[in-house]
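Shown next: protein-v5.pdb, containing PDB, C-alpha atoms, pLDDT in the B column.
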```pdb
ATOM      1  CA  MET T  25     -28.272 -18.165  -6.507  1.00 85.00           C
ATOM      2  CA  SER T  26     -24.875 -16.899  -5.376  1.00 94.00           C
ATOM      3  CA  TYR T  27     -22.989 -13.915  -6.630  1.00 97.00           C
ATOM      4  CA  PHE T  28     -19.416 -12.762  -6.908  1.00 97.00           C
ATOM      5  CA  ARG T  29     -18.827  -9.499  -5.102  1.00 97.00           C
ATOM      6  CA  ILE T  30     -15.898  -7.969  -7.004  1.00 97.00           C
ATOM      7  CA  THR T  31     -14.065  -4.858  -5.764  1.00 97.00           C
ATOM      8  CA  LEU T  32     -11.307  -3.150  -7.729  1.00 97.00           C
ATOM      9  CA  MET T  33      -8.347  -2.679  -5.354  1.00 96.00           C
ATOM     10  CA  ARG T  34      -5.561  -1.792  -7.804  1.00 96.00           C
ATOM     11  CA  SER T  35      -5.783   0.381 -10.896  1.00 96.00           C
ATOM     12  CA  GLY T  36      -5.446  -1.081 -14.375  1.00 95.00           C
ATOM     13  CA  ILE T  37      -3.527   1.942 -15.668  1.00 96.00           C
ATOM     14  CA  GLY T  38      -0.540   0.961 -17.791  1.00 95.00           C
ATOM     15  CA  LEU T  39      -1.578  -2.671 -18.099  1.00 96.00           C
ATOM     16  CA  PRO T  40      -2.337  -4.340 -21.455  1.00 96.00           C
ATOM     17  CA  LYS T  41      -5.442  -3.217 -23.345  1.00 97.00           C
ATOM     18  CA  ARG T  42      -6.973  -6.678 -22.911  1.00 95.00           C
ATOM     19  CA  THR T  43      -6.763  -6.362 -19.121  1.00 96.00           C
ATOM     20  CA  GLN T  44      -8.178  -2.854 -19.130  1.00 97.00           C
ATOM     21  CA  GLY T  45     -10.935  -4.070 -21.437  1.00 97.00           C
ATOM     22  CA  VAL T  46     -11.908  -6.778 -18.952  1.00 97.00           C
ATOM     23  CA  LEU T  47     -12.141  -4.176 -16.177  1.00 97.00           C
ATOM     24  CA  LYS T  48     -14.357  -2.055 -18.419  1.00 97.00           C
ATOM     25  CA  ALA T  49     -16.523  -5.037 -19.278  1.00 97.00           C
ATOM     26  CA  LEU T  50     -16.959  -5.788 -15.579  1.00 97.00           C
ATOM     27  CA  GLY T  51     -17.940  -2.160 -14.957  1.00 96.00           C
ATOM     28  CA  LEU T  52     -14.939  -1.486 -12.686  1.00 96.00           C
ATOM     29  CA  ARG T  53     -14.139   2.107 -13.568  1.00 95.00           C
ATOM     30  CA  GLN T  54     -12.212   3.240 -10.478  1.00 94.00           C
ATOM     31  CA  ILE T  55     -10.610   1.657  -7.438  1.00 95.00           C
ATOM     32  CA  MET T  56     -12.942   0.583  -4.604  1.00 95.00           C
ATOM     33  CA  LYS T  57     -15.803   0.234  -7.108  1.00 96.00           C
ATOM     34  CA  THR T  58     -17.861  -2.852  -6.223  1.00 96.00           C
ATOM     35  CA  VAL T  59     -19.931  -4.876  -8.674  1.00 97.00           C
ATOM     36  CA  PHE T  60     -22.005  -8.055  -8.367  1.00 97.00           C
ATOM     37  CA  TYR T  61     -22.200 -10.842 -10.928  1.00 97.00           C
ATOM     38  CA  PRO T  62     -23.763 -14.308 -10.729  1.00 97.00           C
ATOM     39  CA  VAL T  63     -21.380 -17.232 -10.325  1.00 96.00           C
ATOM     40  CA  THR T  64     -20.850 -18.440 -13.892  1.00 96.00           C
ATOM     41  CA  PRO T  65     -17.822 -19.777 -15.789  1.00 96.00           C
ATOM     42  CA  GLU T  66     -17.788 -16.618 -17.923  1.00 96.00           C
ATOM     43  CA  VAL T  67     -17.475 -14.295 -14.939  1.00 96.00           C
ATOM     44  CA  ALA T  68     -14.916 -16.617 -13.349  1.00 96.00           C
ATOM     45  CA  GLY T  69     -12.772 -16.342 -16.464  1.00 96.00           C
ATOM     46  CA  GLN T  70     -13.015 -12.553 -16.361  1.00 97.00           C
ATOM     47  CA  ILE T  71     -11.995 -12.504 -12.690  1.00 97.00           C
ATOM     48  CA  MET T  72      -9.013 -14.735 -13.447  1.00 96.00           C
ATOM     49  CA  LYS T  73      -7.897 -12.214 -16.058  1.00 96.00           C
ATOM     50  CA  VAL T  74      -7.752  -9.405 -13.469  1.00 96.00           C
ATOM     51  CA  LYS T  75      -7.079 -11.440 -10.314  1.00 96.00           C
ATOM     52  CA  GLU T  76      -4.115  -9.273  -9.269  1.00 96.00           C
ATOM     53  CA  LEU T  77      -6.293  -6.151  -9.216  1.00 97.00           C
ATOM     54  CA  VAL T  78      -9.495  -7.235  -7.475  1.00 97.00           C
ATOM     55  CA  ALA T  79     -10.815  -8.611  -4.203  1.00 97.00           C
ATOM     56  CA  VAL T  80     -13.569 -11.216  -4.573  1.00 97.00           C
ATOM     57  CA  GLN T  81     -16.162 -12.611  -2.186  1.00 96.00           C
ATOM     58  CA  GLU T  82     -18.983 -15.047  -2.755  1.00 96.00           C
ATOM     59  CA  VAL T  83     -22.288 -13.636  -1.469  1.00 96.00           C
ATOM     60  CA  ASP T  84     -25.890 -14.834  -1.474  1.00 95.00           C
ATOM     61  CA  ARG T  85     -27.454 -11.812  -3.112  1.00 94.00           C
ATOM     62  CA  ALA T  86     -26.448  -8.689  -4.985  1.00 95.00           C
ATOM     63  CA  LEU T  87     -26.635  -5.522  -2.899  1.00 95.00           C
ATOM     64  CA  THR T  88     -28.218  -2.397  -4.346  1.00 95.00           C
ATOM     65  CA  LYS T  89     -26.411   0.910  -4.698  1.00 94.00           C
ATOM     66  CA  GLU T  90     -28.158   2.271  -1.588  1.00 95.00           C
ATOM     67  CA  GLU T  91     -27.189  -0.756   0.507  1.00 95.00           C
ATOM     68  CA  LEU T  92     -23.568  -0.406  -0.545  1.00 95.00           C
ATOM     69  CA  LYS T  93     -23.637   3.254   0.439  1.00 95.00           C
ATOM     70  CA  ALA T  94     -25.169   2.413   3.820  1.00 94.00           C
ATOM     71  CA  GLU T  95     -22.362  -0.116   4.352  1.00 93.00           C
ATOM     72  CA  ARG T  96     -19.755   2.589   3.887  1.00 92.00           C
ATOM     73  CA  ARG T  97     -21.471   5.076   6.210  1.00 94.00           C
ATOM     74  CA  PRO T  98     -19.569   5.339   9.509  1.00 95.00           C
ATOM     75  CA  ASP T  99     -21.214   4.910  12.895  1.00 93.00           C
ATOM     76  CA  PRO T 100     -22.661   8.342  13.832  1.00 92.00           C
ATOM     77  CA  GLY T 101     -21.678   7.911  17.502  1.00 95.00           C
ATOM     78  CA  PHE T 102     -25.079   8.865  18.887  1.00 94.00           C
ATOM     79  CA  TYR T 103     -28.690   7.743  18.750  1.00 91.00           C
ATOM     80  CA  LEU T 104     -31.956   9.590  19.209  1.00 90.00           C
ATOM     81  CA  GLU T 105     -34.010   8.518  22.179  1.00 90.00           C
ATOM     82  CA  SER T 106     -37.735   8.232  21.730  1.00 90.00           C
ATOM     83  CA  ALA T 107     -40.003  10.006  24.214  1.00 88.00           C
ATOM     84  CA  VAL T 108     -41.145   7.848  27.111  1.00 89.00           C
ATOM     85  CA  PRO T 109     -44.917   7.305  26.945  1.00 88.00           C
ATOM     86  CA  ARG T 110     -46.649   8.668  30.079  1.00 83.00           C
TER      87      ARG T 110
ATOM     88  CA  MET A  11      36.068  18.750  -2.195  1.00 57.00           C
ATOM     89  CA  PHE A  12      33.063  20.949  -1.468  1.00 63.00           C
ATOM     90  CA  GLY A  13      30.959  23.136  -3.731  1.00 69.00           C
ATOM     91  CA  ALA A  14      28.751  22.662  -6.768  1.00 68.00           C
ATOM     92  CA  PHE A  15      31.389  21.008  -8.982  1.00 67.00           C
ATOM     93  CA  ARG A  16      32.837  18.501  -6.571  1.00 70.00           C
ATOM     94  CA  PRO A  17      33.829  15.200  -8.191  1.00 68.00           C
ATOM     95  CA  THR A  18      31.185  12.824  -6.920  1.00 68.00           C
ATOM     96  CA  ASN A  19      30.514   9.375  -8.339  1.00 66.00           C
ATOM     97  CA  VAL A  20      27.534  10.664 -10.278  1.00 63.00           C
ATOM     98  CA  LEU A  21      29.312  13.645 -11.831  1.00 64.00           C
ATOM     99  CA  SER A  22      32.561  11.942 -12.772  1.00 69.00           C
ATOM    100  CA  GLY A  23      31.301   8.525 -13.767  1.00 67.00           C
ATOM    101  CA  GLY A  24      28.327   9.333 -15.934  1.00 68.00           C
ATOM    102  CA  LEU A  25      25.551   6.797 -15.517  1.00 74.00           C
ATOM    103  CA  LEU A  26      25.240   5.540 -11.952  1.00 76.00           C
ATOM    104  CA  TRP A  27      22.168   3.602 -10.936  1.00 71.00           C
ATOM    105  CA  LYS A  28      21.655   3.381  -7.220  1.00 76.00           C
ATOM    106  CA  ILE A  29      18.765   0.945  -7.180  1.00 80.00           C
ATOM    107  CA  PRO A  30      19.415  -1.703  -4.508  1.00 88.00           C
ATOM    108  CA  TRP A  31      19.606  -5.189  -5.928  1.00 90.00           C
ATOM    109  CA  ARG A  32      17.627  -6.756  -3.090  1.00 93.00           C
ATOM    110  CA  LEU A  33      14.177  -5.880  -1.831  1.00 94.00           C
ATOM    111  CA  SER A  34      13.965  -4.604   1.742  1.00 95.00           C
ATOM    112  CA  LYS A  35      12.196  -6.756   4.326  1.00 96.00           C
ATOM    113  CA  PHE A  36       9.152  -4.502   4.079  1.00 97.00           C
ATOM    114  CA  GLN A  37       9.019  -4.777   0.306  1.00 96.00           C
ATOM    115  CA  LYS A  38       9.359  -8.537   0.626  1.00 97.00           C
ATOM    116  CA  ALA A  39       6.534  -8.608   3.161  1.00 97.00           C
ATOM    117  CA  ARG A  40       4.299  -6.629   0.812  1.00 97.00           C
ATOM    118  CA  GLN A  41       5.255  -8.912  -2.078  1.00 97.00           C
ATOM    119  CA  ARG A  42       4.183 -11.956  -0.041  1.00 97.00           C
ATOM    120  CA  LYS A  43       0.961 -10.178   0.886  1.00 97.00           C
ATOM    121  CA  ARG A  44       0.178  -9.545  -2.785  1.00 97.00           C
ATOM    122  CA  LEU A  45       0.941 -13.169  -3.668  1.00 97.00           C
ATOM    123  CA  ARG A  46      -1.432 -14.341  -0.929  1.00 97.00           C
ATOM    124  CA  ALA A  47      -4.123 -11.920  -2.103  1.00 97.00           C
ATOM    125  CA  VAL A  48      -4.045 -13.484  -5.571  1.00 97.00           C
ATOM    126  CA  ASP A  49      -4.169 -16.964  -3.977  1.00 97.00           C
ATOM    127  CA  THR A  50      -7.256 -15.885  -2.022  1.00 97.00           C
ATOM    128  CA  VAL A  51      -9.034 -14.629  -5.151  1.00 97.00           C
ATOM    129  CA  VAL A  52      -8.356 -17.895  -6.989  1.00 97.00           C
ATOM    130  CA  ALA A  53      -9.475 -19.947  -3.974  1.00 96.00           C
ATOM    131  CA  VAL A  54     -12.737 -17.991  -3.628  1.00 97.00           C
ATOM    132  CA  VAL A  55     -13.533 -18.359  -7.340  1.00 97.00           C
ATOM    133  CA  ASP A  56     -12.672 -22.044  -7.274  1.00 96.00           C
ATOM    134  CA  ARG A  57     -14.827 -22.735  -4.208  1.00 96.00           C
ATOM    135  CA  ALA A  58     -17.796 -20.829  -5.664  1.00 96.00           C
ATOM    136  CA  LEU A  59     -17.584 -22.768  -8.933  1.00 96.00           C
ATOM    137  CA  ALA A  60     -17.098 -26.100  -7.165  1.00 95.00           C
ATOM    138  CA  LYS A  61     -20.351 -25.554  -5.235  1.00 95.00           C
ATOM    139  CA  GLN A  62     -22.187 -25.497  -8.564  1.00 93.00           C
ATOM    140  CA  GLY A  63     -20.106 -28.308 -10.017  1.00 93.00           C
ATOM    141  CA  ILE A  64     -18.533 -26.174 -12.731  1.00 90.00           C
ATOM    142  CA  MET A  65     -14.978 -26.578 -14.002  1.00 91.00           C
ATOM    143  CA  THR A  66     -13.266 -23.611 -15.657  1.00 93.00           C
ATOM    144  CA  LYS A  67     -10.160 -23.903 -17.765  1.00 94.00           C
ATOM    145  CA  ALA A  68      -8.574 -20.699 -16.456  1.00 94.00           C
ATOM    146  CA  VAL A  69      -8.884 -21.759 -12.803  1.00 95.00           C
ATOM    147  CA  GLU A  70      -7.860 -25.372 -13.391  1.00 95.00           C
ATOM    148  CA  ARG A  71      -4.808 -24.338 -15.379  1.00 96.00           C
ATOM    149  CA  TRP A  72      -3.738 -21.869 -12.693  1.00 96.00           C
ATOM    150  CA  LYS A  73      -4.095 -24.483  -9.956  1.00 95.00           C
ATOM    151  CA  GLU A  74      -2.115 -26.991 -11.991  1.00 95.00           C
ATOM    152  CA  GLU A  75       0.753 -24.728 -13.014  1.00 95.00           C
ATOM    153  CA  MET A  76       1.159 -22.115 -10.312  1.00 95.00           C
ATOM    154  CA  PRO A  77       2.412 -22.781  -6.766  1.00 96.00           C
ATOM    155  CA  VAL A  78       0.698 -20.975  -3.895  1.00 95.00           C
ATOM    156  CA  GLU A  79       2.688 -18.507  -1.818  1.00 95.00           C
ATOM    157  CA  GLN A  80       3.567 -21.029   0.901  1.00 95.00           C
ATOM    158  CA  GLU A  81       4.904 -23.529  -1.650  1.00 95.00           C
ATOM    159  CA  MET A  82       7.205 -21.055  -3.387  1.00 95.00           C
ATOM    160  CA  VAL A  83      10.892 -20.831  -2.541  1.00 95.00           C
ATOM    161  CA  PRO A  84      12.129 -17.331  -1.550  1.00 95.00           C
ATOM    162  CA  LYS A  85      14.290 -17.239  -4.675  1.00 94.00           C
ATOM    163  CA  ASP A  86      11.206 -17.370  -6.883  1.00 94.00           C
ATOM    164  CA  LYS A  87       9.285 -14.844  -4.795  1.00 96.00           C
ATOM    165  CA  TYR A  88      11.855 -12.073  -4.989  1.00 96.00           C
ATOM    166  CA  THR A  89      13.946 -12.733  -8.117  1.00 96.00           C
ATOM    167  CA  ILE A  90      13.291 -13.757 -11.717  1.00 95.00           C
ATOM    168  CA  PHE A  91      15.282 -15.618 -14.320  1.00 96.00           C
ATOM    169  CA  ASP A  92      17.221 -13.570 -16.840  1.00 95.00           C
ATOM    170  CA  ARG A  93      19.667 -15.187 -19.260  1.00 94.00           C
ATOM    171  CA  LYS A  94      21.756 -12.013 -19.552  1.00 94.00           C
ATOM    172  CA  GLU A  95      22.401 -11.583 -15.822  1.00 92.00           C
ATOM    173  CA  LYS A  96      25.265 -12.910 -13.761  1.00 92.00           C
ATOM    174  CA  LYS A  97      24.068 -16.117 -12.097  1.00 93.00           C
ATOM    175  CA  TYR A  98      20.924 -15.870 -14.280  1.00 95.00           C
ATOM    176  CA  ARG A  99      18.868 -14.015 -11.689  1.00 94.00           C
ATOM    177  CA  LYS A 100      17.737 -10.436 -11.234  1.00 94.00           C
ATOM    178  CA  SER A 101      15.540  -8.700  -8.682  1.00 94.00           C
ATOM    179  CA  ILE A 102      11.828  -9.039  -9.367  1.00 94.00           C
ATOM    180  CA  ARG A 103      11.445  -5.274  -9.254  1.00 93.00           C
ATOM    181  CA  LYS A 104      13.109  -5.161 -12.694  1.00 93.00           C
ATOM    182  CA  LEU A 105       9.955  -6.765 -14.088  1.00 94.00           C
ATOM    183  CA  PRO A 106       7.678  -4.076 -15.522  1.00 94.00           C
ATOM    184  CA  LYS A 107       4.502  -3.608 -13.418  1.00 95.00           C
ATOM    185  CA  TRP A 108       5.867  -6.214 -11.006  1.00 95.00           C
ATOM    186  CA  THR A 109       3.303  -5.441  -8.294  1.00 96.00           C
ATOM    187  CA  ARG A 110       0.403  -6.109 -10.646  1.00 96.00           C
ATOM    188  CA  VAL A 111       1.482  -9.140 -12.649  1.00 95.00           C
ATOM    189  CA  SER A 112       1.811 -12.780 -11.674  1.00 94.00           C
ATOM    190  CA  GLN A 113       5.349 -14.076 -12.110  1.00 94.00           C
ATOM    191  CA  ARG A 114       5.750 -17.274 -10.084  1.00 95.00           C
ATOM    192  CA  VAL A 115       7.565 -19.937 -12.087  1.00 95.00           C
ATOM    193  CA  ASN A 116      11.061 -19.851 -13.561  1.00 95.00           C
ATOM    194  CA  PRO A 117      12.948 -22.273 -15.810  1.00 95.00           C
ATOM    195  CA  PRO A 118      13.771 -25.471 -13.907  1.00 93.00           C
ATOM    196  CA  GLY A 119      17.372 -25.662 -12.768  1.00 91.00           C
ATOM    197  CA  TYR A 120      17.885 -21.878 -12.709  1.00 87.00           C
TER     198      TYR A 120
END
```
Produce C-alpha cells that represent the structure in this file.
Amino acid sequence: MSYFRITLMRSGIGLPKRTQGVLKALGLRQIMKTVFYPVTPEVAGQIMKVKELVAVQEVDRALTKEELKAERRPDPGFYLESAVPR
Amino acid sequence: MFGAFRPTNVLSGGLLWKIPWRLSKFQKARQRKRLRAVDTVVAVVDRALAKQGIMTKAVERWKEEMPVEQEMVPKDKYTIFDRKEKKYRKSIRKLPKWTRVSQRVNPPGY
C-alpha cells in the first residue's frame, strides 16, 4: 500500500473558494503542513486541483505525528558516551 | 527644480505606472522553477497511479493539453495573450495570482 505525502508549500489565500475548500478537505491548514493519503483516483484528483501549491512524494507508509516531528529535529551536534564496563 | 513641488513626471502627468514590462532574469528563473515544480507534482501523481494501473481524467487531460516546461517557448512562459494589447501580448505578471495559477497555453497563431 503506497501513500501520497502531500506538503503545502504555498498558501491558498486569495484563491477561489473551490481551491481553498480542497486544501481544507485535505487537512492542509498552513504552509509546511504534511498529510498522508493512500494512492487513489480521488486523492489524485484533489492533488491536481492544488498542484501549484503542494509538493508531493509517493511513500510506502504514512508517518505518525511523532515521526514527522523527529524528522524536523536538527542534529544536536553531540552524543552521550556510555560508561565503559570494567 | 528642487523642493517639494518640483514638476516630476508623477506630479505633472497624473497616473504614471512604473511597472517594467519584462520580467527580470531572476523572476524568469523563478517562474521556470515554479513551472517545473508543477510538472514534478503531476509526474509523481501519474507514476503512483500507473503503478496501480489507474487512469484519472484530471491527470490524463493535463498530460494531453499542457506542455511541460522544457517544451514551452519562452514567449508562453513569460507573456500571455490579450486581445486589447499591442501585438496581442502582455507580461504574465499582469495575470492575477500569476505565481499560483497554471497558464501555459495561448491561442494558436498569437
Discussion item. Counting all atoms listed in the file, a student should be able to say which residues of chain T come within 8 Å of chain A; what is the right answer, written as number ranges by chain?
Written reply: T: 34, 39, 63-65, 68-69, 72, 75-82
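The list of residues with at least one atom within 9 Å of stretch 43-59 of chain T, based on only C-alpha atoms and without residues fewer than 5 positions apart in the same chain, reads T:Phe28, T:Arg29, T:Ile30, T:Thr31, T:Leu32, T:Met33, T:Arg34, T:Ser35, T:Gly36, T:Ile37, T:Gly38, T:Val67, T:Gln70, T:Ile71, T:Lys73, T:Val74, T:Val78, T:Ala86, T:Leu87, T:Leu92.
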Discussion item. Expand the PyMOL selection byres ((chain A and resi 114-119) around 7) into the explicit residue set it covers here, and present it as an MDAnalysis selection string.
Written reply: chainID A and resid 76 86:87 90:91 112:113 120
Please produce a file of the residues just selected, as a compact mmCIF listing (two decimals), in the frame of the given file, where the atoms kept are C-alpha atoms.
```txt
# COMPACT_ATOMS: atom_id res chain seq x y z
CA MET A 76 1.16 -22.12 -10.31
CA ASP A 86 11.21 -17.37 -6.88
CA LYS A 87 9.28 -14.84 -4.80
CA ILE A 90 13.29 -13.76 -11.72
CA PHE A 91 15.28 -15.62 -14.32
CA SER A 112 1.81 -12.78 -11.67
CA GLN A 113 5.35 -14.08 -12.11
CA TYR A 120 17.89 -21.88 -12.71
```
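Put simply, atom CA of A:Tyr98 is 24.3 Å away from atom CA of A:Arg40.
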Worksheet item: So what do you get for atom CA of A:Arg71 versus atom CA of A:Gln41, distance-wise?
Response: 22.7 Å
Please enclose the listed atoms of stretch 53-58 of chain T in an axis-aligned box, pad each side by 4 Å, and write out the centre and the three edge lengths in Å, rounded to one decimal, as AutoDock Vina command-line options.
```
--center_x -14.2 --center_y 0.2 --center_z -9.1 --size_x 15.3 --size_y 14.1 --size_z 17.0
```
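Of the listed residues T:Asp84, T:Glu66, T:Ala107, T:Lys41, the one whose atoms come nearest to T:Tyr27 is T:Asp84, with distances taken using all atoms listed in the file.
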